[in-house]
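Novice: Structure file input27.pdb (PDB, C-alpha atoms) is given on the next line.
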ATOM      1  CA  MET A   1      -1.311 -16.934  15.541
ATOM      2  CA  SER A   2      -2.775 -13.587  16.557
ATOM      3  CA  ASP A   3      -4.287 -11.149  14.077
ATOM      4  CA  LEU A   4      -2.689  -7.962  12.779
ATOM      5  CA  VAL A   5      -4.331  -4.903  14.305
ATOM      6  CA  ILE A   6      -3.755  -1.441  12.843
ATOM      7  CA  ALA A   7      -5.644   1.592  14.167
ATOM      8  CA  GLY A   8      -8.180  -0.717  15.800
ATOM      9  CA  ARG A   9      -8.924  -2.633  12.612
ATOM     10  CA  THR A  10      -8.199  -6.362  12.605
ATOM     11  CA  PHE A  11      -6.657  -8.238   9.692
ATOM     12  CA  ARG A  12      -6.433 -12.028   9.637
ATOM     13  CA  SER A  13      -3.509 -11.972   7.228
ATOM     14  CA  ARG A  14      -0.155 -10.320   7.844
ATOM     15  CA  LEU A  15       0.491 -10.198   4.122
ATOM     16  CA  ILE A  16      -0.562  -7.035   2.269
ATOM     17  CA  VAL A  17      -0.511  -7.344  -1.499
ATOM     18  CA  GLY A  18      -0.436  -4.872  -4.388
ATOM     19  CA  THR A  19      -2.682  -4.782  -7.442
ATOM     20  CA  GLY A  20      -0.193  -3.574 -10.072
ATOM     21  CA  LYS A  21       1.689  -5.282 -12.875
ATOM     22  CA  TYR A  22      -0.171  -8.619 -13.010
ATOM     23  CA  PRO A  23      -0.439 -10.321 -16.415
ATOM     24  CA  SER A  24      -4.241  -9.928 -16.143
ATOM     25  CA  HIS A  25      -6.946  -8.922 -13.700
ATOM     26  CA  ALA A  26      -8.064 -12.551 -13.485
ATOM     27  CA  ILE A  27      -4.576 -13.679 -12.449
ATOM     28  CA  MET A  28      -4.461 -10.865  -9.896
ATOM     29  CA  ARG A  29      -7.708 -12.042  -8.356
ATOM     30  CA  ALA A  30      -6.455 -15.644  -8.190
ATOM     31  CA  ALA A  31      -3.169 -14.466  -6.646
ATOM     32  CA  HIS A  32      -4.997 -12.440  -4.000
ATOM     33  CA  GLU A  33      -7.073 -15.495  -3.158
ATOM     34  CA  ALA A  34      -3.969 -17.715  -2.921
ATOM     35  CA  SER A  35      -2.146 -15.165  -0.763
ATOM     36  CA  GLY A  36      -4.912 -15.131   1.837
ATOM     37  CA  THR A  37      -4.618 -11.361   2.041
ATOM     38  CA  ASP A  38      -7.375  -9.154   3.352
ATOM     39  CA  MET A  39      -5.756  -5.824   2.457
ATOM     40  CA  VAL A  40      -4.564  -4.727  -0.991
ATOM     41  CA  THR A  41      -3.027  -1.476  -2.192
ATOM     42  CA  VAL A  42      -4.382   0.544  -5.109
ATOM     43  CA  ALA A  43      -3.156   3.664  -6.909
ATOM     44  CA  VAL A  44      -5.164   6.819  -7.634
ATOM     45  CA  ARG A  45      -5.012   7.930 -11.261
ATOM     46  CA  ARG A  46      -6.974   9.994 -13.775
ATOM     47  CA  VAL A  47      -9.869   8.149 -15.404
ATOM     48  CA  ASP A  48      -9.197   7.464 -19.076
ATOM     49  CA  ILE A  49     -12.123   9.290 -20.671
ATOM     50  CA  THR A  50     -11.127   8.321 -24.211
ATOM     51  CA  ARG A  51     -12.006   4.655 -23.821
ATOM     52  CA  LYS A  52     -14.052   2.439 -21.570
ATOM     53  CA  SER A  53     -11.750   0.051 -19.712
ATOM     54  CA  GLU A  54     -12.734  -2.644 -17.252
ATOM     55  CA  SER A  55     -12.517  -1.575 -13.646
ATOM     56  CA  LEU A  56      -9.918  -2.984 -11.298
ATOM     57  CA  LEU A  57     -12.616  -3.084  -8.645
ATOM     58  CA  ASP A  58     -14.547  -5.710 -10.623
ATOM     59  CA  TYR A  59     -11.731  -8.081  -9.647
ATOM     60  CA  ILE A  60     -11.490  -7.305  -5.941
ATOM     61  CA  ASP A  61     -14.071  -8.630  -3.490
ATOM     62  CA  THR A  62     -14.247  -5.569  -1.287
ATOM     63  CA  SER A  63     -16.542  -7.371   1.150
ATOM     64  CA  LYS A  64     -13.495  -9.448   2.116
ATOM     65  CA  ILE A  65     -10.524  -7.325   1.050
ATOM     66  CA  PHE A  66      -9.807  -3.858   2.448
ATOM     67  CA  LEU A  67      -8.594  -1.266  -0.073
ATOM     68  CA  LEU A  68      -5.554   0.791   0.872
ATOM     69  CA  ALA A  69      -5.069   3.708  -1.540
ATOM     70  CA  ASN A  70      -1.507   4.858  -2.064
ATOM     71  CA  THR A  71       0.081   8.142  -3.098
ATOM     72  CA  ALA A  72       2.627   6.533  -5.421
ATOM     73  CA  ALA A  73       4.532   8.813  -7.796
ATOM     74  CA  CYS A  74       3.993  11.869  -5.589
ATOM     75  CA  TYR A  75       7.217  13.832  -5.166
ATOM     76  CA  THR A  76       5.986  16.561  -2.834
ATOM     77  CA  ALA A  77       3.988  16.592   0.382
ATOM     78  CA  ALA A  78       1.368  18.779  -1.353
ATOM     79  CA  ASP A  79       0.823  16.275  -4.180
ATOM     80  CA  ALA A  80       0.638  13.369  -1.730
ATOM     81  CA  ILE A  81      -1.901  15.207   0.438
ATOM     82  CA  ARG A  82      -4.023  16.052  -2.611
ATOM     83  CA  THR A  83      -3.899  12.452  -3.845
ATOM     84  CA  ALA A  84      -4.784  11.138  -0.379
ATOM     85  CA  HIS A  85      -7.901  13.302  -0.303
ATOM     86  CA  LEU A  86      -8.953  12.079  -3.760
ATOM     87  CA  GLY A  87      -8.332   8.483  -2.700
ATOM     88  CA  ARG A  88     -10.464   8.977   0.402
ATOM     89  CA  GLU A  89     -13.378  10.199  -1.703
ATOM     90  CA  ALA A  90     -12.958   7.453  -4.326
ATOM     91  CA  GLY A  91     -12.747   4.644  -1.781
ATOM     92  CA  MET A  92     -14.755   6.094   1.084
ATOM     93  CA  SER A  93     -11.941   5.126   3.454
ATOM     94  CA  ASN A  94      -9.678   7.417   5.440
ATOM     95  CA  TRP A  95      -6.705   5.026   5.257
ATOM     96  CA  VAL A  96      -3.732   5.931   3.107
ATOM     97  CA  LYS A  97      -0.434   4.303   2.237
ATOM     98  CA  LEU A  98       1.576   7.500   2.170
ATOM     99  CA  GLU A  99       4.421   7.778  -0.305
ATOM    100  CA  VAL A 100       6.452  10.921  -0.843
ATOM    101  CA  ILE A 101       9.221   9.939  -3.218
ATOM    102  CA  GLY A 102      12.562  11.742  -3.230
ATOM    103  CA  ASP A 103      14.428  10.143  -6.107
ATOM    104  CA  GLU A 104      13.284   8.689  -9.427
ATOM    105  CA  GLN A 105      15.967   6.060  -9.750
ATOM    106  CA  THR A 106      15.796   4.535  -6.286
ATOM    107  CA  LEU A 107      12.239   5.591  -5.363
ATOM    108  CA  PHE A 108      13.597   6.229  -1.890
ATOM    109  CA  PRO A 109      11.300   8.332   0.294
ATOM    110  CA  ASP A 110      11.750  12.043   0.880
ATOM    111  CA  ASN A 111      11.934  12.085   4.663
ATOM    112  CA  GLU A 112      11.088  15.755   5.133
ATOM    113  CA  GLY A 113       8.094  15.637   2.793
ATOM    114  CA  LEU A 114       6.917  12.368   4.298
ATOM    115  CA  LEU A 115       6.933  13.711   7.835
ATOM    116  CA  GLU A 116       5.205  16.923   6.784
ATOM    117  CA  ALA A 117       2.481  15.061   4.846
ATOM    118  CA  THR A 118       1.995  12.643   7.761
ATOM    119  CA  ARG A 119       1.368  15.518  10.170
ATOM    120  CA  VAL A 120      -1.132  17.196   7.828
ATOM    121  CA  LEU A 121      -3.048  14.021   6.964
ATOM    122  CA  VAL A 122      -3.267  12.891  10.603
ATOM    123  CA  LYS A 123      -4.763  16.293  11.383
ATOM    124  CA  ASP A 124      -7.171  15.824   8.449
ATOM    125  CA  GLY A 125      -8.423  12.595  10.054
ATOM    126  CA  PHE A 126      -6.513  10.030   8.013
ATOM    127  CA  VAL A 127      -5.117   6.711   9.190
ATOM    128  CA  VAL A 128      -1.621   7.177   7.790
ATOM    129  CA  LEU A 129       0.692   4.293   6.891
ATOM    130  CA  PRO A 130       3.907   5.882   5.610
ATOM    131  CA  TYR A 131       6.363   4.093   3.326
ATOM    132  CA  THR A 132       9.696   5.060   4.850
ATOM    133  CA  ASN A 133      13.412   4.395   4.950
ATOM    134  CA  ASP A 134      14.656   1.578   7.153
ATOM    135  CA  ASP A 135      15.713   4.231   9.656
ATOM    136  CA  PRO A 136      14.697   3.766  13.298
ATOM    137  CA  VAL A 137      14.885   7.512  14.027
ATOM    138  CA  MET A 138      12.643   8.372  11.079
ATOM    139  CA  CYS A 139      10.190   5.644  12.098
ATOM    140  CA  ARG A 140      10.031   7.081  15.605
ATOM    141  CA  LYS A 141       9.362  10.571  14.250
ATOM    142  CA  LEU A 142       6.571   9.247  12.010
ATOM    143  CA  ALA A 143       4.950   7.382  14.902
ATOM    144  CA  ASP A 144       5.248  10.492  17.080
ATOM    145  CA  ALA A 145       3.536  12.451  14.275
ATOM    146  CA  GLY A 146       0.576  10.083  14.532
ATOM    147  CA  ALA A 147       1.289   7.409  11.894
ATOM    148  CA  ALA A 148      -0.861   4.321  12.579
ATOM    149  CA  ALA A 149       1.974   2.042  11.440
ATOM    150  CA  VAL A 150       5.400   2.496   9.905
ATOM    151  CA  MET A 151       6.373   0.772   6.679
ATOM    152  CA  PRO A 152      10.153   0.646   6.291
ATOM    153  CA  LEU A 153      11.508  -0.610   2.976
ATOM    154  CA  GLY A 154      13.439  -3.861   2.863
ATOM    155  CA  ALA A 155      15.135  -2.778  -0.372
ATOM    156  CA  PRO A 156      14.232  -0.456  -3.272
ATOM    157  CA  ILE A 157      10.704  -0.883  -4.672
ATOM    158  CA  GLY A 158      10.545  -3.664  -7.241
ATOM    159  CA  SER A 159      14.207  -4.598  -6.766
ATOM    160  CA  GLY A 160      13.648  -8.050  -5.283
ATOM    161  CA  LEU A 161      16.906  -7.721  -3.341
ATOM    162  CA  GLY A 162      15.470  -8.918  -0.034
ATOM    163  CA  ILE A 163      15.999  -7.341   3.379
ATOM    164  CA  GLN A 164      19.161  -5.251   2.973
ATOM    165  CA  ASN A 165      19.468  -4.081   6.553
ATOM    166  CA  PRO A 166      17.991  -6.704   8.860
ATOM    167  CA  ASN A 167      19.522  -5.126  11.926
ATOM    168  CA  ASN A 168      17.673  -1.854  11.313
ATOM    169  CA  ILE A 169      14.366  -3.674  10.822
ATOM    170  CA  ARG A 170      14.927  -5.462  14.141
ATOM    171  CA  ILE A 171      15.726  -2.198  15.905
ATOM    172  CA  ILE A 172      12.693  -0.482  14.352
ATOM    173  CA  ARG A 173      10.474  -3.302  15.666
ATOM    174  CA  GLU A 174      12.033  -3.166  19.123
ATOM    175  CA  GLN A 175      11.566   0.591  19.390
ATOM    176  CA  ALA A 176       8.336   1.292  17.528
ATOM    177  CA  LYS A 177       5.122   1.803  19.450
ATOM    178  CA  VAL A 178       3.056   1.113  16.302
ATOM    179  CA  PRO A 179       2.920  -1.914  13.951
ATOM    180  CA  VAL A 180       5.878  -2.310  11.579
ATOM    181  CA  ILE A 181       5.139  -3.435   8.021
ATOM    182  CA  VAL A 182       8.133  -4.199   5.815
ATOM    183  CA  ASP A 183       7.168  -2.617   2.497
ATOM    184  CA  ALA A 184       9.098  -3.212  -0.728
ATOM    185  CA  GLY A 185      12.185  -5.160  -1.663
ATOM    186  CA  VAL A 186      10.962  -8.722  -1.223
ATOM    187  CA  GLY A 187      12.043 -10.989  -4.080
ATOM    188  CA  THR A 188      11.093 -14.459  -2.974
ATOM    189  CA  ALA A 189       9.467 -16.330  -0.116
ATOM    190  CA  SER A 190      12.536 -16.526   2.131
ATOM    191  CA  ASP A 191      12.806 -12.709   2.075
ATOM    192  CA  ALA A 192       9.303 -12.453   3.529
ATOM    193  CA  THR A 193      10.176 -15.022   6.166
ATOM    194  CA  VAL A 194      13.302 -13.070   7.155
ATOM    195  CA  ALA A 195      11.215  -9.905   7.582
ATOM    196  CA  MET A 196       8.743 -11.707   9.815
ATOM    197  CA  GLU A 197      11.480 -13.470  11.805
ATOM    198  CA  LEU A 198      12.954 -10.057  12.572
ATOM    199  CA  GLY A 199       9.657  -9.235  14.252
ATOM    200  CA  ALA A 200       7.852  -7.312  11.537
ATOM    201  CA  ASP A 201       4.107  -7.262  12.107
ATOM    202  CA  GLY A 202       3.448  -7.696   8.408
ATOM    203  CA  VAL A 203       4.891  -7.550   4.923
ATOM    204  CA  LEU A 204       3.649  -5.583   1.918
ATOM    205  CA  MET A 205       4.642  -6.659  -1.582
ATOM    206  CA  ASN A 206       3.557  -6.276  -5.180
ATOM    207  CA  THR A 207       6.218  -7.069  -7.781
ATOM    208  CA  ALA A 208       7.483 -10.225  -6.056
ATOM    209  CA  ILE A 209       4.082 -11.812  -6.676
ATOM    210  CA  ALA A 210       2.848  -9.995  -9.787
ATOM    211  CA  GLY A 211       6.166 -10.364 -11.607
ATOM    212  CA  ALA A 212       6.770 -14.034 -10.771
ATOM    213  CA  GLN A 213       6.482 -16.508 -13.625
ATOM    214  CA  ASP A 214       3.519 -18.036 -11.793
ATOM    215  CA  PRO A 215       2.003 -15.251  -9.659
ATOM    216  CA  VAL A 216      -0.653 -17.495  -8.105
ATOM    217  CA  ALA A 217       1.900 -20.077  -6.939
ATOM    218  CA  MET A 218       4.189 -17.316  -5.629
ATOM    219  CA  ALA A 219       1.264 -15.783  -3.768
ATOM    220  CA  ARG A 220       0.709 -19.079  -1.968
ATOM    221  CA  ALA A 221       4.448 -19.341  -1.216
ATOM    222  CA  MET A 222       4.347 -15.834   0.277
ATOM    223  CA  ARG A 223       1.357 -16.718   2.427
ATOM    224  CA  LEU A 224       3.223 -19.712   3.868
ATOM    225  CA  ALA A 225       6.456 -17.723   4.192
ATOM    226  CA  VAL A 226       4.823 -14.947   6.192
ATOM    227  CA  GLU A 227       3.097 -17.461   8.457
ATOM    228  CA  ALA A 228       6.317 -19.444   8.942
ATOM    229  CA  GLY A 229       8.296 -16.317   9.765
ATOM    230  CA  ARG A 230       5.695 -15.115  12.241
ATOM    231  CA  ILE A 231       5.482 -18.458  14.008
ATOM    232  CA  ALA A 232       9.286 -18.729  14.163
ATOM    233  CA  TYR A 233       9.516 -15.217  15.623
ATOM    234  CA  LEU A 234       6.966 -16.054  18.304
ATOM    235  CA  ALA A 235       8.598 -19.434  18.969
ATOM    236  CA  GLY A 236      11.902 -17.735  19.821
ATOM    237  CA  ARG A 237      14.918 -18.890  17.879
ATOM    238  CA  ILE A 238      18.027 -20.355  19.503
ATOM    239  CA  PRO A 239      21.023 -18.068  19.979
ATOM    240  CA  LYS A 240      23.717 -18.187  17.299
ATOM    241  CA  LYS A 241      27.010 -19.783  18.399
ATOM    242  CA  SER A 242      30.349 -20.243  16.669
ATOM    243  CA  TYR A 243      30.904 -23.875  17.647
ATOM    244  CA  ALA A 244      28.917 -27.095  17.650
ATOM    245  CA  THR A 245      26.748 -28.346  20.496
ATOM    246  CA  ALA A 246      25.900 -32.040  20.159
ATOM    247  CA  SER A 247      22.258 -32.932  19.762
ATOM    248  CA  SER A 248      22.704 -36.603  20.726
ATOM    249  CA  PRO A 249      23.721 -37.814  24.235
ATOM    250  CA  LEU A 250      27.457 -38.084  24.855
ATOM    251  CA  GLN A 251      26.924 -40.976  27.316
ATOM    252  CA  GLY A 252      26.499 -44.581  26.226
ATOM    253  CA  VAL A 253      28.300 -44.309  22.934
ATOM    254  CA  VAL A 254      29.059 -47.859  21.657
ATOM    255  CA  GLY A 255      32.725 -48.842  22.070
ATOM    256  CA  SER A 256      33.535 -46.143  24.632
TER     257      SER A 256
ATOM    258  CA  MET B   1     -18.322  26.034 -23.055
ATOM    259  CA  THR B   2     -14.883  24.505 -22.566
ATOM    260  CA  ILE B   3     -13.554  23.024 -19.339
ATOM    261  CA  ARG B   4     -10.194  21.516 -18.501
ATOM    262  CA  LEU B   5     -10.851  17.841 -17.877
ATOM    263  CA  ASN B   6      -7.962  15.760 -16.542
ATOM    264  CA  GLY B   7      -5.539  18.299 -17.938
ATOM    265  CA  ASP B   8      -7.032  18.623 -21.436
ATOM    266  CA  ALA B   9      -9.467  21.081 -22.989
ATOM    267  CA  TYR B  10     -12.908  19.494 -23.219
ATOM    268  CA  PRO B  11     -16.045  21.014 -24.773
ATOM    269  CA  VAL B  12     -19.327  20.465 -22.936
ATOM    270  CA  PRO B  13     -22.745  22.122 -23.099
ATOM    271  CA  GLY B  14     -23.095  23.994 -19.905
ATOM    272  CA  PRO B  15     -23.100  24.901 -17.181
ATOM    273  CA  LEU B  16     -23.729  21.374 -15.916
ATOM    274  CA  SER B  17     -23.562  19.562 -12.600
ATOM    275  CA  VAL B  18     -20.913  16.986 -11.632
ATOM    276  CA  THR B  19     -23.651  14.338 -11.813
ATOM    277  CA  GLU B  20     -24.490  15.407 -15.372
ATOM    278  CA  LEU B  21     -20.835  15.410 -16.462
ATOM    279  CA  LEU B  22     -20.269  11.905 -15.089
ATOM    280  CA  ALA B  23     -23.431  10.649 -16.832
ATOM    281  CA  ARG B  24     -22.226  12.222 -20.092
ATOM    282  CA  LEU B  25     -18.910  10.396 -19.730
ATOM    283  CA  ASP B  26     -20.661   7.141 -18.762
ATOM    284  CA  ILE B  27     -18.742   6.998 -15.454
ATOM    285  CA  ASP B  28     -20.131   5.279 -12.360
ATOM    286  CA  PRO B  29     -20.077   8.006  -9.674
ATOM    287  CA  ARG B  30     -19.555   5.440  -6.911
ATOM    288  CA  ARG B  31     -16.100   4.477  -8.189
ATOM    289  CA  VAL B  32     -14.465   7.823  -8.782
ATOM    290  CA  ALA B  33     -13.440  10.976  -6.992
ATOM    291  CA  VAL B  34     -13.938  14.399  -8.523
ATOM    292  CA  GLU B  35     -11.954  17.555  -7.956
ATOM    293  CA  LEU B  36     -13.406  20.898  -9.070
ATOM    294  CA  ASN B  37     -10.865  23.730  -9.185
ATOM    295  CA  LEU B  38      -8.545  21.815  -6.816
ATOM    296  CA  ALA B  39     -11.239  21.093  -4.187
ATOM    297  CA  VAL B  40     -12.548  17.548  -3.737
ATOM    298  CA  VAL B  41     -16.311  17.374  -4.325
ATOM    299  CA  LYS B  42     -18.026  15.077  -1.835
ATOM    300  CA  LYS B  43     -20.399  12.569  -3.423
ATOM    301  CA  PRO B  44     -23.587  14.008  -1.830
ATOM    302  CA  ALA B  45     -22.711  17.366  -3.428
ATOM    303  CA  TYR B  46     -22.457  16.053  -7.036
ATOM    304  CA  ASP B  47     -25.981  17.213  -7.970
ATOM    305  CA  ALA B  48     -25.546  20.699  -6.575
ATOM    306  CA  SER B  49     -21.984  21.345  -7.782
ATOM    307  CA  LEU B  50     -22.096  23.327 -11.016
ATOM    308  CA  ILE B  51     -19.231  23.224 -13.499
ATOM    309  CA  LYS B  52     -18.765  26.475 -15.391
ATOM    310  CA  ASP B  53     -16.779  27.614 -18.414
ATOM    311  CA  GLY B  54     -13.029  27.421 -17.792
ATOM    312  CA  ASP B  55     -13.327  25.246 -14.683
ATOM    313  CA  GLU B  56     -10.680  22.645 -13.976
ATOM    314  CA  VAL B  57     -12.063  19.186 -13.341
ATOM    315  CA  GLU B  58     -10.135  16.091 -12.314
ATOM    316  CA  ILE B  59     -11.798  12.681 -12.288
ATOM    317  CA  VAL B  60      -9.753   9.879 -10.762
ATOM    318  CA  ASN B  61     -10.291   6.206  -9.956
ATOM    319  CA  PHE B  62      -8.345   3.304  -8.552
ATOM    320  CA  VAL B  63      -5.897   1.452 -10.752
ATOM    321  CA  GLY B  64      -3.393  -1.283 -10.015
ATOM    322  CA  GLY B  65      -0.547  -0.243  -7.757
ATOM    323  CA  GLY B  66       1.707  -1.315  -4.918
TER     324      GLY B  66
END
Please rewrite the model in this file as structure tokens.
Specialist:
Amino acid sequence: MSDLVIAGRTFRSRLIVGTGKYPSHAIMRAAHEASGTDMVTVAVRRVDITRKSESLLDYIDTSKIFLLANTAACYTAADAIRTAHLGREAGMSNWVKLEVIGDEQTLFPDNEGLLEATRVLVKDGFVVLPYTNDDPVMCRKLADAGAAAVMPLGAPIGSGLGIQNPNNIRIIREQAKVPVIVDAGVGTASDATVAMELGADGVLMNTAIAGAQDPVAMARAMRLAVEAGRIAYLAGRIPKKSYATASSPLQGVVGS
Amino acid sequence: MTIRLNGDAYPVPGPLSVTELLARLDIDPRRVAVELNLAVVKKPAYDASLIKDGDEVEIVNFVGGG
């Protein structure tokens, strides 16, 4: 199974995992290990100067795992651009998972802001991975604006609903000239497999692992699910048909 | 003098450099990013960047997220 390559950087795993909402940092680290991931997302937030808290980075082996800073909770292009620049300085990496959110309840992206921020950050030298709607036209515009990959949602963030519009994900993969990472909406292992079977180059998830009753076991399930989906996609599934086709020979049936 | 640190008023003896402020707050400079009056301060410039009365300072780090 070939590696995932984004902007010239090679990843052995096609599963990108978040770092939020785990029961503990220790469980997060074990889940990352079980998932086989070599890229995790992090958020950029103000340091709490009132108390000394343990650092997330003490639980991520950055010699093996690449940090992808996000712009979560940014509602304007300007805020996302500002956060991206802070993330670049904090992590010494010019990669950003770009989020420009348009609605608090659904956390759906703001397409106009997302495209604007992508253009600016590409010009500023960033490798931009935008979290976007499952809209093939939007994905094409983002790629044309210089996005290094497009990351269409499978369903609303944290919803666990699975891939709501598989046909769009398939079309996005067929048309996109950059890697397609299905980001958000996965609830369980089969959802990740579906995304990969549709041709996605990778899957990004946080809540599905962190919120599972056993995050470490779910992380392993997701690793296997992503691999299974990728292999099945490459193997080429049989066409769907309405009626049966016998698997056993029709000749030599006893009594005929 | 008083600066605005992460949105709140914060008294510090000053002026002082970004390096000195981080040391005062017991923050490892390698793991944060600092914004001084809305401009990101690059790490090599921490010693030379002076924070003055009324300046707005943001100090951010990485936390868990998706």
Novice: Give me the residues within 9 Å of segment 200-211 of chain A as JSON, numbers by chain, counting all atoms listed in the file and dropping any in the same chain fewer than 2 places off.
Specialist: {"A": [4, 13, 14, 15, 16, 17, 18, 19, 20, 21, 22, 23, 27, 28, 31, 40, 41, 151, 157, 158, 159, 160, 169, 170, 172, 173, 179, 180, 181, 182, 183, 184, 185, 186, 187, 188, 189, 192, 195, 196, 197, 198, 213, 214, 215, 216, 217, 218, 219, 222, 226, 230], "B": [65, 66]}
Novice: Using C-alpha atoms, can you export the residues from the last selection as a PDB file, keeping the file's coordinate frame?
Specialist:
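out_24.pdb, written as the output of this step:
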ATOM      1  CA  LEU A   4      -2.689  -7.962  12.779  1.00  0.00           C
ATOM      2  CA  SER A  13      -3.509 -11.972   7.228  1.00  0.00           C
ATOM      3  CA  ARG A  14      -0.155 -10.320   7.844  1.00  0.00           C
ATOM      4  CA  LEU A  15       0.491 -10.198   4.122  1.00  0.00           C
ATOM      5  CA  ILE A  16      -0.562  -7.035   2.269  1.00  0.00           C
ATOM      6  CA  VAL A  17      -0.511  -7.344  -1.499  1.00  0.00           C
ATOM      7  CA  GLY A  18      -0.436  -4.872  -4.388  1.00  0.00           C
ATOM      8  CA  THR A  19      -2.682  -4.782  -7.442  1.00  0.00           C
ATOM      9  CA  GLY A  20      -0.193  -3.574 -10.072  1.00  0.00           C
ATOM     10  CA  LYS A  21       1.689  -5.282 -12.875  1.00  0.00           C
ATOM     11  CA  TYR A  22      -0.171  -8.619 -13.010  1.00  0.00           C
ATOM     12  CA  PRO A  23      -0.439 -10.321 -16.415  1.00  0.00           C
ATOM     13  CA  ILE A  27      -4.576 -13.679 -12.449  1.00  0.00           C
ATOM     14  CA  MET A  28      -4.461 -10.865  -9.896  1.00  0.00           C
ATOM     15  CA  ALA A  31      -3.169 -14.466  -6.646  1.00  0.00           C
ATOM     16  CA  VAL A  40      -4.564  -4.727  -0.991  1.00  0.00           C
ATOM     17  CA  THR A  41      -3.027  -1.476  -2.192  1.00  0.00           C
ATOM     18  CA  MET A 151       6.373   0.772   6.679  1.00  0.00           C
ATOM     19  CA  ILE A 157      10.704  -0.883  -4.672  1.00  0.00           C
ATOM     20  CA  GLY A 158      10.545  -3.664  -7.241  1.00  0.00           C
ATOM     21  CA  SER A 159      14.207  -4.598  -6.766  1.00  0.00           C
ATOM     22  CA  GLY A 160      13.648  -8.050  -5.283  1.00  0.00           C
ATOM     23  CA  ILE A 169      14.366  -3.674  10.822  1.00  0.00           C
ATOM     24  CA  ARG A 170      14.927  -5.462  14.141  1.00  0.00           C
ATOM     25  CA  ILE A 172      12.693  -0.482  14.352  1.00  0.00           C
ATOM     26  CA  ARG A 173      10.474  -3.302  15.666  1.00  0.00           C
ATOM     27  CA  PRO A 179       2.920  -1.914  13.951  1.00  0.00           C
ATOM     28  CA  VAL A 180       5.878  -2.310  11.579  1.00  0.00           C
ATOM     29  CA  ILE A 181       5.139  -3.435   8.021  1.00  0.00           C
ATOM     30  CA  VAL A 182       8.133  -4.199   5.815  1.00  0.00           C
ATOM     31  CA  ASP A 183       7.168  -2.617   2.497  1.00  0.00           C
ATOM     32  CA  ALA A 184       9.098  -3.212  -0.728  1.00  0.00           C
ATOM     33  CA  GLY A 185      12.185  -5.160  -1.663  1.00  0.00           C
ATOM     34  CA  VAL A 186      10.962  -8.722  -1.223  1.00  0.00           C
ATOM     35  CA  GLY A 187      12.043 -10.989  -4.080  1.00  0.00           C
ATOM     36  CA  THR A 188      11.093 -14.459  -2.974  1.00  0.00           C
ATOM     37  CA  ALA A 189       9.467 -16.330  -0.116  1.00  0.00           C
ATOM     38  CA  ALA A 192       9.303 -12.453   3.529  1.00  0.00           C
ATOM     39  CA  ALA A 195      11.215  -9.905   7.582  1.00  0.00           C
ATOM     40  CA  MET A 196       8.743 -11.707   9.815  1.00  0.00           C
ATOM     41  CA  GLU A 197      11.480 -13.470  11.805  1.00  0.00           C
ATOM     42  CA  LEU A 198      12.954 -10.057  12.572  1.00  0.00           C
ATOM     43  CA  GLN A 213       6.482 -16.508 -13.625  1.00  0.00           C
ATOM     44  CA  ASP A 214       3.519 -18.036 -11.793  1.00  0.00           C
ATOM     45  CA  PRO A 215       2.003 -15.251  -9.659  1.00  0.00           C
ATOM     46  CA  VAL A 216      -0.653 -17.495  -8.105  1.00  0.00           C
ATOM     47  CA  ALA A 217       1.900 -20.077  -6.939  1.00  0.00           C
ATOM     48  CA  MET A 218       4.189 -17.316  -5.629  1.00  0.00           C
ATOM     49  CA  ALA A 219       1.264 -15.783  -3.768  1.00  0.00           C
ATOM     50  CA  MET A 222       4.347 -15.834   0.277  1.00  0.00           C
ATOM     51  CA  VAL A 226       4.823 -14.947   6.192  1.00  0.00           C
ATOM     52  CA  ARG A 230       5.695 -15.115  12.241  1.00  0.00           C
TER      53      ARG A 230
ATOM     54  CA  GLY B  65      -0.547  -0.243  -7.757  1.00  0.00           C
ATOM     55  CA  GLY B  66       1.707  -1.315  -4.918  1.00  0.00           C
TER      56      GLY B  66
END
Novice: Determine, counting only C-alpha atoms, which protein, DNA and RNA residues have an atom within 8 Å of an atom of Ser17 of chain B; residues of the same chain fewer than 4 positions away are not included. Present the result as a list in words.
Specialist: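 After dropping sequence-adjacent residues, the list is Leu21, Tyr46, Asp47, Ala48, Ser49, Leu50 and Ile51 of chain B.
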Novice: Please report as a ChimeraX atom specification which residues of chain B come no farther than 6 Å from chain A, using all atoms listed in the file.
Specialist: /B:31-33,59-66
Novice: Mind giving me the straight-line distance from atom CA of Leu25 of chain B to atom CA of Ala9 of chain B in Å, one decimal?
Specialist: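 Answer for the atom CA of Leu25 of chain B to atom CA of Ala9 of chain B separation: 14.6 Å.
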Novice: For Phe66 of chain A, which residue out of A:Met39, A:Trp95, A:Thr118, A:Tyr233 is the nearest one, using all atoms listed in the file?
Specialist: A:Met39
Novice: One decimal, Å: what's the distance from atom CA of Leu224 of chain A over to atom CA of Val194 of chain A, could you say?
Specialist: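 One can read the atom CA of Leu224 of chain A to atom CA of Val194 of chain A distance as 12.5 Å.
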Novice: Take atom CA of Ile231 of chain A and atom CA of Arg140 of chain A and report the distance between them in Å, one decimal.
Specialist: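 So the two atoms, atom CA of Ile231 of chain A and atom CA of Arg140 of chain A, lie 26.0 Å apart.
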Novice: Counting all atoms listed in the file, which residue out of A:Ala26, A:Leu115, A:Val253, A:Ile65 sits closest to Arg12 of chain A?
Specialist: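 Residue with the minimum atom-to-atom distance to Arg12 of chain A: A:Ile65.
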Novice: Which residues match the PyMOL selection byres ((chain A and resi 124) around 12) in the file above, as a ChimeraX atom specification?
Specialist: /A:81-82,84-85,88,94-96,117-123,125-128,146
Novice: Which is closer to Pro156 of chain A than all the others in A:Glu227, A:Glu104, A:Asp144, A:Asp58, using only C-alpha atoms?
Specialist: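 Under the stated criterion, the closest residue is A:Glu104.
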Novice: Evaluate the PyMOL selection byres ((chain B and resi 35) around 9) against this structure - the residues, as an NGL selection string, please.
Specialist: (:A and (86)) or (:B and (33-34 or 36-42 or 56-60))
